[in-house]
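A short worksheet on the structure shown next.
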Amino acid sequence: MGFVPVTLRTAVVFLCFFSAVAKFKTLNRTYPYFNNSMTTEAKAELILQNHAVLNQDALQVTPDSANPLVFGLQNQSGRVMFHQRFKLWDGDVNSNSAVASFNTSFLVNMFPNNGTPGEGLAFLIAPTIDIPQNSYGQYLGLTNATTDNQTSNGIVAVELDTVQQNFDIDKNHKYNGDEKIIRIYIAKQEGKDDPTPPMPENPIIERKLDLRTTVNQHSYFGFAASTGTLIQLNCVRRWNLTVTYIPEPKGPLMTIFYSALGFRWWWGWWRWRRISVTIYTRKGW
């Protein structure tokens with residue numbers, strides 16, 4: 001079965017990656033829309049790279065309008081990354097230690113300017129927020145001609161390609177790993193303001209994935225996109241992100257501080273208990 005170019009208007013993508021639960025913290029972040037009421041929160045929590053902007057009630061990962069004196073719409077790339085860095089596994093990369101889980105869904109609108117789409121948008125996990133230079137066109141804001149195909153990139157990306165390159169795998173990209181599974185679902189949403197449709201019963205992709213051998217231990221979540229000689233809209237209209245991650249150990253000063261607080265609480269409780277017991281005893285309680 002060959003690759004079929006598609007014009008994707010509005011669709012919801014669901015990604016799920018679960019592992020065993022142990023000593024984790026959980027972050028839940030929901031952006032039900034990106035209108036004026038969410039602007040302050042979004043700008044405080046999301047880092048926009050290159051010409052990515054918050055405009056027209058959406059994250060425009062690549063520009064939605066050109067500035068002829070500064071930039072055009074062709075050969076552009078951008079990233080929108082959540083500001084917090086997450087620790088995704090514990091211990092050594094070769095150990096059988098705890099690994100983080102994440103669950104995300106997002107509503108995207110990808111539409112060609114002149115009938116033919118190019119190039120695509122991706123959800124990614126990356127070791128850095130910064131976007132590589134010259135990552136437009138086939139590189140989708142993920143890599144460039146120098147860094148492409150390097151295992152040291154430490155990136156996992158779920159690509160929504162709208163143009164097939166000669167190196168693209170038919171059907172979709174596959175993930176190698178052991179014991180861990182990533183599942184990807186997609187559902188069409190008729191109108192941009194309609195309620196989010198339920199997650200389909202069956203994933204379009206289900207693959208093993210071990211984050212320890214694929215991404216850096218400390219990584220960021222977000223989106224990347226690009227245009228080439230062909231132009232399309234690459235925008236995210238909604239985003240839900242849940243990450244169950246490994247908390248960083250407390251520093252020695254924080255541990256001493258908490259220990260001191262604990263001792264003060266214990267000492268206060270013990271004194272109160274002595275006084276209380278004495279009073280109760282004297283009153284015959």
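Chain labels follow the order of the structure tokens: the first chain is A, the next B, and so on; residue numbering restarts at 1 in every chain, and ligands are counted from 1 in their shown order.
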
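Of all the residues in segment 22-204 of chain A, the ones DSSP labels as helix (DSSP H, G or I) from the backbone are Asn36, Ser37, Met38, Thr39, Thr40, Glu41, Ala42, Lys43, Ala44, Glu45, Gly137, Gln138, Tyr139, Thr151, Ser152 and Asn153 of chain A.
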
Print the selection's residues with C-alpha atoms to a file, as a PDB file, in the first residue's frame.
ATOM      1  CA  ASN A  36      -7.758  36.075  23.928  1.00  0.00           C
ATOM      2  CA  SER A  37      -8.768  34.590  27.295  1.00  0.00           C
ATOM      3  CA  MET A  38      -5.904  32.066  27.064  1.00  0.00           C
ATOM      4  CA  THR A  39      -3.257  34.364  25.612  1.00  0.00           C
ATOM      5  CA  THR A  40      -1.559  35.226  28.900  1.00  0.00           C
ATOM      6  CA  GLU A  41      -1.345  31.592  30.045  1.00  0.00           C
ATOM      7  CA  ALA A  42      -0.216  30.306  26.663  1.00  0.00           C
ATOM      8  CA  LYS A  43       2.518  32.917  26.295  1.00  0.00           C
ATOM      9  CA  ALA A  44       3.760  32.181  29.820  1.00  0.00           C
ATOM     10  CA  GLU A  45       3.908  28.400  29.296  1.00  0.00           C
ATOM     11  CA  GLY A 137      10.998  21.682   3.860  1.00  0.00           C
ATOM     12  CA  GLN A 138      11.349  17.941   4.332  1.00  0.00           C
ATOM     13  CA  TYR A 139      12.889  18.359   7.807  1.00  0.00           C
ATOM     14  CA  THR A 151      20.536   8.654  16.443  1.00  0.00           C
ATOM     15  CA  SER A 152      22.095  11.174  18.819  1.00  0.00           C
ATOM     16  CA  ASN A 153      19.281  13.655  18.044  1.00  0.00           C
TER      17      ASN A 153
END

Q: Just the strand (DSSP E or B) stuff from segment 77-175 of chain A, please, per backbone DSSP, written as a ChimeraX atom specification.
A: /A:77-82,86-87,89,99,101-112,120-126,156-161

Q) Which value, in Å to one decimal, gives the distance between atom CA of Ser77 of chain A and atom CA of Tyr220 of chain A? A)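 These two atoms are separated by 17.9 Å.
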
Q | Pick from A:Gly228, A:Pro249, A:Gly154, A:Gly222 nearest to Leu46 of chain A, counting only C-alpha atoms | A | A:Gly222

Pull the closest atom pair for each residue of segment 206-250 of chain A that gets at most 10 Å from segment 111-126 of chain A, along with the distance in Å to one decimal, counting only C-alpha atoms, ordering rows by chain and then ascending residue number, as JSON lines.
{"residue": "A:Leu211", "atom": "CA", "partner": "A:Ile125", "partner_atom": "CA", "distance": 9.8}
{"residue": "A:Thr214", "atom": "CA", "partner": "A:Ile125", "partner_atom": "CA", "distance": 9.8}
{"residue": "A:Val215", "atom": "CA", "partner": "A:Ala126", "partner_atom": "CA", "distance": 6.9}
{"residue": "A:Asn216", "atom": "CA", "partner": "A:Ala126", "partner_atom": "CA", "distance": 7.5}
{"residue": "A:His218", "atom": "CA", "partner": "A:Ala126", "partner_atom": "CA", "distance": 8.7}
{"residue": "A:Ser219", "atom": "CA", "partner": "A:Ala126", "partner_atom": "CA", "distance": 5.4}
{"residue": "A:Tyr220", "atom": "CA", "partner": "A:Ala126", "partner_atom": "CA", "distance": 5.3}
{"residue": "A:Phe221", "atom": "CA", "partner": "A:Ile125", "partner_atom": "CA", "distance": 4.7}
{"residue": "A:Gly222", "atom": "CA", "partner": "A:Leu124", "partner_atom": "CA", "distance": 5.5}
{"residue": "A:Phe223", "atom": "CA", "partner": "A:Phe123", "partner_atom": "CA", "distance": 4.6}
{"residue": "A:Ala224", "atom": "CA", "partner": "A:Ala122", "partner_atom": "CA", "distance": 5.3}
{"residue": "A:Ala225", "atom": "CA", "partner": "A:Leu121", "partner_atom": "CA", "distance": 4.1}
{"residue": "A:Ser226", "atom": "CA", "partner": "A:Glu119", "partner_atom": "CA", "distance": 5.7}
{"residue": "A:Thr227", "atom": "CA", "partner": "A:Glu119", "partner_atom": "CA", "distance": 4.8}
{"residue": "A:Gly228", "atom": "CA", "partner": "A:Glu119", "partner_atom": "CA", "distance": 6.1}
{"residue": "A:Thr229", "atom": "CA", "partner": "A:Gly118", "partner_atom": "CA", "distance": 7.6}
{"residue": "A:Leu230", "atom": "CA", "partner": "A:Gly118", "partner_atom": "CA", "distance": 4.8}
{"residue": "A:Ile231", "atom": "CA", "partner": "A:Gly118", "partner_atom": "CA", "distance": 5.2}
{"residue": "A:Gln232", "atom": "CA", "partner": "A:Pro112", "partner_atom": "CA", "distance": 3.9}
{"residue": "A:Leu233", "atom": "CA", "partner": "A:Phe111", "partner_atom": "CA", "distance": 5.0}
{"residue": "A:Asn234", "atom": "CA", "partner": "A:Leu121", "partner_atom": "CA", "distance": 6.3}
{"residue": "A:Cys235", "atom": "CA", "partner": "A:Leu121", "partner_atom": "CA", "distance": 8.5}
{"residue": "A:Val236", "atom": "CA", "partner": "A:Leu121", "partner_atom": "CA", "distance": 9.5}

Q: For atom CA of Arg237 of chain A and atom CA of Phe34 of chain A, determine how far apart the two atoms are, in Å to one decimal place.
A: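 Pair atom CA of Arg237 of chain A / atom CA of Phe34 of chain A returns 6.6 Å.
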
Q: Select, from A:Ala52, A:Ile155, A:Ser95, A:Arg183, the residue with the minimum atom-to-atom distance to Lys208 of chain A, counting only C-alpha atoms.
A: A:Arg183

**Q.** Distance in Å - atom CA of Tyr33 of chain A versus atom CA of Thr104 of chain A
**A.** 15.0 Å

Q.
as a list in words, please: the residues near Ala66 of chain A (cut-off 12 Å, only C-alpha atoms, same-chain neighbours under 4 positions excluded).
A.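 Everything that qualifies: His51, Ala52, Val53, Thr62, Val70, Phe71, Gly72, Leu73, Gln74, Asn75, Gln76 and Ile231 of chain A.
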
Q) Which residue out of A:Leu54, A:Ala100, A:Leu107, A:Val93 has the minimum interatomic distance to Asp193 of chain A when only C-alpha atoms are used? A) A:Leu107

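If you measure from each of A:Thr128, A:Thr196, A:Ser97, A:Asn50 to Arg85 of chain A using only C-alpha atoms, the closest one turns out to be A:Thr128.
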